[in-house]
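Visitor: After the structure tokens below, expect a handful of questions from me.
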Amino acid sequence: MTDRRRRGLRSLVRGRSGTAGDSPERSMDPRFAEGRPPPPRSRVIDNAIYVAGRREATPGSLPEAFERLKNTPDGMAWIGFYRPEDGVILNVAEEFDLHELAVEDAIVAHQRPKADRYGDTLFVVLRPARYLDEAEEVDFGELHVFVGPNFVITVRHSEAPDLSQVRRRMQQDPDLLAQGPQAVLYAILDAVVDGYAPVVAGLQNDIDEIEVQVFGNEPGVSRRIYELSREVIEFQRATQPLLGMIEGFIAGAAKYGVDQELQRYLRDVADHAITVAERVGGFRQMLHDILVVNSTMVAQAQNEHMTNLTEASNAQNEEVKRISAWAAILFAPTLVGTIYGMNFDAMPELHWTWGYPFAVMLMAGVCLTLYMVFKRRDWL
């Protein structure tokens, strides 16, 4: 390792041990809660030296693995970590001459899927995913892979994927494993992409259920559409960069001496990744269309409700007008009767012979006039 590289790693150690604020990758993620307890950490998950595609040794410690690899010219080290301590990664970085920028990404995590080459070492970041059926959400992980001339270092920050299955598969196919670190990288890519299939199926099932809810006018469906849209967008961020990444591996296969058969396997992984990306893009468009349909149906329901309220209000107004008209008609004879019922001796018509018929005719005339007026105005 060069002196400059050592100085870079030492500065990284000092930066991690200081009291500086969180990394930009974490600070830009609002879901990373401040004060959140750190996840449980484990060091080495598996540590093996392979020769000609077969497991030659299982060192009990990292220094033993480093020494065994130096004494095995044709050997390949495959070391797997699960949420390792920072110091462990730094020791590995110093031993295998890993670039400080890649080491920092592996320590900090919260990276986007990418592939960077530093000299003869390839650094790959993958975002595996798994579908949680009970919670109806997608759990995204993060996997960092260092691929060198004679080593593969995996740093896993999540439960998925289970790389022990990848290791068992490769050990059962010595001819493929004998092709070296590039074959291991292929197997990891294949496992990550294949792990997207249950997620796609789970999201498709959720979308089908949402369609039924939308046309069934079930309450709360808008919130479910929004939450699922967030999951799909996050899934698209995890899968979309894979297309360019794998195409780059295929394009540079000849330059880095990748076997023709392994290139075919990579193209198969690329086909699966394209299928997943297309499905995820379709999900996003479908959810957008469903949200538009749901908004339209909600607006129509609100308009119908307002129409019903207006019609009810108009009907009520008609009833009020009828009641008011009959009240006015009945009020006229009551007024006349009340006046002539006061029994004052000085009233002019009190002792008039035609007083009673006149009062009755007056009341009838006023009532008839009011009836005709209200009838002409459609109050009756």
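Labels used: A, B, ... for chains in the order of the structure tokens, numbers from 1 for residues in each chain, and numbers from 1 for ligands as shown.
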At a cut-off of 12 Å, using only C-alpha atoms, what residues contact A:Ala48? Leave out same-chain residues fewer than 2 positions from it and give the result as a PyMOL selection string.

Guide: chain A and resi 44-46+50-51+53-62+64-66+68-69+75-80+151-153+167+171

Visitor: I need the chosen residues saved as an mmCIF file, in the first residue's frame, with N, CA and C atoms.

Guide:
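The resulting file, again-v4.cif, is reproduced below:
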```cif
data_model
loop_
_atom_site.group_PDB
_atom_site.id
_atom_site.type_symbol
_atom_site.label_atom_id
_atom_site.label_comp_id
_atom_site.auth_asym_id
_atom_site.auth_seq_id
_atom_site.Cartn_x
_atom_site.Cartn_y
_atom_site.Cartn_z
ATOM 1 N N VAL A 44 -16.880 -11.495 11.175
ATOM 2 C CA VAL A 44 -16.745 -12.327 9.989
ATOM 3 C C VAL A 44 -17.838 -13.385 9.974
ATOM 4 N N ILE A 45 -18.589 -13.442 8.863
ATOM 5 C CA ILE A 45 -19.614 -14.469 8.704
ATOM 6 C C ILE A 45 -18.993 -15.751 8.141
ATOM 7 N N ASP A 46 -18.161 -15.614 7.126
ATOM 8 C CA ASP A 46 -17.461 -16.762 6.556
ATOM 9 C C ASP A 46 -16.138 -16.280 5.990
ATOM 10 N N TYR A 50 -9.952 -20.407 -1.574
ATOM 11 C CA TYR A 50 -10.320 -21.356 -2.624
ATOM 12 C C TYR A 50 -9.169 -21.501 -3.612
ATOM 13 N N VAL A 51 -8.994 -22.741 -4.079
ATOM 14 C CA VAL A 51 -7.998 -23.036 -5.100
ATOM 15 C C VAL A 51 -8.664 -23.898 -6.157
ATOM 16 N N GLY A 53 -11.385 -23.552 -7.650
ATOM 17 C CA GLY A 53 -12.819 -23.707 -7.445
ATOM 18 C C GLY A 53 -13.213 -24.546 -6.250
ATOM 19 N N ARG A 54 -12.242 -24.970 -5.443
ATOM 20 C CA ARG A 54 -12.556 -25.803 -4.284
ATOM 21 C C ARG A 54 -12.043 -25.134 -3.009
ATOM 22 N N ARG A 55 -12.777 -25.351 -1.952
ATOM 23 C CA ARG A 55 -12.435 -24.738 -0.667
ATOM 24 C C ARG A 55 -11.189 -25.419 -0.111
ATOM 25 N N GLU A 56 -10.119 -24.664 -0.046
ATOM 26 C CA GLU A 56 -8.841 -25.205 0.397
ATOM 27 C C GLU A 56 -8.657 -25.056 1.895
ATOM 28 N N ALA A 57 -9.105 -23.926 2.455
ATOM 29 C CA ALA A 57 -8.890 -23.677 3.880
ATOM 30 C C ALA A 57 -9.975 -22.759 4.410
ATOM 31 N N THR A 58 -10.211 -22.873 5.733
ATOM 32 C CA THR A 58 -11.144 -21.999 6.436
ATOM 33 C C THR A 58 -10.402 -21.372 7.606
ATOM 34 N N PRO A 59 -9.692 -20.279 7.368
ATOM 35 C CA PRO A 59 -8.904 -19.666 8.451
ATOM 36 C C PRO A 59 -9.785 -19.224 9.603
ATOM 37 N N GLY A 60 -9.217 -19.300 10.798
ATOM 38 C CA GLY A 60 -9.977 -18.930 11.979
ATOM 39 C C GLY A 60 -9.969 -17.450 12.273
ATOM 40 N N SER A 61 -9.122 -16.695 11.599
ATOM 41 C CA SER A 61 -9.034 -15.256 11.839
ATOM 42 C C SER A 61 -8.616 -14.564 10.561
ATOM 43 N N LEU A 62 -8.786 -13.244 10.544
ATOM 44 C CA LEU A 62 -8.393 -12.480 9.359
ATOM 45 C C LEU A 62 -6.882 -12.500 9.134
ATOM 46 N N GLU A 64 -4.832 -14.804 9.823
ATOM 47 C CA GLU A 64 -4.513 -16.122 9.286
ATOM 48 C C GLU A 64 -4.929 -16.227 7.820
ATOM 49 N N ALA A 65 -6.079 -15.633 7.480
ATOM 50 C CA ALA A 65 -6.523 -15.653 6.084
ATOM 51 C C ALA A 65 -5.568 -14.867 5.196
ATOM 52 N N PHE A 66 -5.109 -13.706 5.692
ATOM 53 C CA PHE A 66 -4.166 -12.901 4.912
ATOM 54 C C PHE A 66 -2.870 -13.690 4.657
ATOM 55 N N ARG A 68 -2.454 -16.973 4.778
ATOM 56 C CA ARG A 68 -2.688 -18.155 3.952
ATOM 57 C C ARG A 68 -2.798 -17.769 2.472
ATOM 58 N N LEU A 69 -3.432 -16.634 2.193
ATOM 59 C CA LEU A 69 -3.568 -16.184 0.804
ATOM 60 C C LEU A 69 -2.210 -15.841 0.208
ATOM 61 N N GLY A 75 -4.537 -19.010 -5.128
ATOM 62 C CA GLY A 75 -5.715 -19.011 -4.264
ATOM 63 C C GLY A 75 -6.560 -17.756 -4.411
ATOM 64 N N MET A 76 -7.777 -17.866 -3.931
ATOM 65 C CA MET A 76 -8.714 -16.729 -3.902
ATOM 66 C C MET A 76 -9.361 -16.681 -2.526
ATOM 67 N N ALA A 77 -9.344 -15.522 -1.903
ATOM 68 C CA ALA A 77 -9.986 -15.338 -0.604
ATOM 69 C C ALA A 77 -11.393 -14.780 -0.814
ATOM 70 N N TRP A 78 -12.320 -15.392 -0.111
ATOM 71 C CA TRP A 78 -13.710 -14.901 -0.126
ATOM 72 C C TRP A 78 -14.109 -14.714 1.326
ATOM 73 N N ILE A 79 -14.174 -13.451 1.735
ATOM 74 C CA ILE A 79 -14.452 -13.110 3.122
ATOM 75 C C ILE A 79 -15.764 -12.337 3.180
ATOM 76 N N GLY A 80 -16.683 -12.800 4.007
ATOM 77 C CA GLY A 80 -17.981 -12.156 4.131
ATOM 78 C C GLY A 80 -18.167 -11.525 5.495
ATOM 79 N N PHE A 151 -9.280 -11.865 -4.590
ATOM 80 C CA PHE A 151 -10.108 -11.788 -3.388
ATOM 81 C C PHE A 151 -11.488 -11.212 -3.714
ATOM 82 N N VAL A 152 -12.449 -11.570 -2.866
ATOM 83 C CA VAL A 152 -13.791 -10.995 -2.875
ATOM 84 C C VAL A 152 -14.151 -10.687 -1.426
ATOM 85 N N ILE A 153 -14.461 -9.422 -1.159
ATOM 86 C CA ILE A 153 -14.865 -8.997 0.181
ATOM 87 C C ILE A 153 -16.301 -8.501 0.100
ATOM 88 N N ARG A 167 -22.779 -18.838 -1.607
ATOM 89 C CA ARG A 167 -21.511 -19.549 -1.409
ATOM 90 C C ARG A 167 -21.701 -21.053 -1.617
ATOM 91 N N GLN A 171 -19.863 -23.335 -4.417
ATOM 92 C CA GLN A 171 -19.033 -24.466 -4.015
ATOM 93 C C GLN A 171 -19.499 -25.769 -4.651
#
```

Visitor: Please provide the set of residues having any atom within 7 Å of A:Gly202, restricted to only C-alpha atoms, with same-chain residues fewer than 4 positions apart removed, written as a PyMOL selection string.

Guide: chain A and resi 131+198+206

Visitor: Extract, using only C-alpha atoms, all DNA, RNA and protein residues at most 7 Å from A:Leu262, discarding same-chain residues fewer than 4 positions from it, and format them as JSON, numbers by chain.

Guide: {"A": [183, 258, 266]}

Visitor: Emit the selected residues as a PDB file, in the first residue's frame, including all heavy atoms.

Guide:
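Result saved to selection_20.pdb:
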```pdb
ATOM      1  N   ALA A 183     -16.577 -14.555 -11.215  1.00  0.00           N
ATOM      2  CA  ALA A 183     -17.673 -15.514 -11.121  1.00  0.00           C
ATOM      3  C   ALA A 183     -18.455 -15.308  -9.829  1.00  0.00           C
ATOM      4  O   ALA A 183     -19.685 -15.430  -9.805  1.00  0.00           O
ATOM      5  CB  ALA A 183     -17.133 -16.942 -11.198  1.00  0.00           C
ATOM      6  N   VAL A 258     -12.783 -11.855 -18.879  1.00  0.00           N
ATOM      7  CA  VAL A 258     -13.911 -12.625 -18.360  1.00  0.00           C
ATOM      8  C   VAL A 258     -14.255 -13.732 -19.362  1.00  0.00           C
ATOM      9  O   VAL A 258     -14.332 -13.484 -20.571  1.00  0.00           O
ATOM     10  CB  VAL A 258     -15.134 -11.717 -18.121  1.00  0.00           C
ATOM     11  CG1 VAL A 258     -16.321 -12.534 -17.601  1.00  0.00           C
ATOM     12  CG2 VAL A 258     -14.771 -10.621 -17.128  1.00  0.00           C
ATOM     13  N   LEU A 266     -23.869 -13.352 -17.409  1.00  0.00           N
ATOM     14  CA  LEU A 266     -24.102 -11.933 -17.106  1.00  0.00           C
ATOM     15  C   LEU A 266     -25.218 -11.368 -17.974  1.00  0.00           C
ATOM     16  O   LEU A 266     -26.036 -10.564 -17.506  1.00  0.00           O
ATOM     17  CB  LEU A 266     -22.814 -11.143 -17.320  1.00  0.00           C
ATOM     18  CG  LEU A 266     -21.751 -11.256 -16.215  1.00  0.00           C
ATOM     19  CD1 LEU A 266     -20.469 -10.551 -16.640  1.00  0.00           C
ATOM     20  CD2 LEU A 266     -22.269 -10.663 -14.908  1.00  0.00           C
TER      21      LEU A 266
END
```
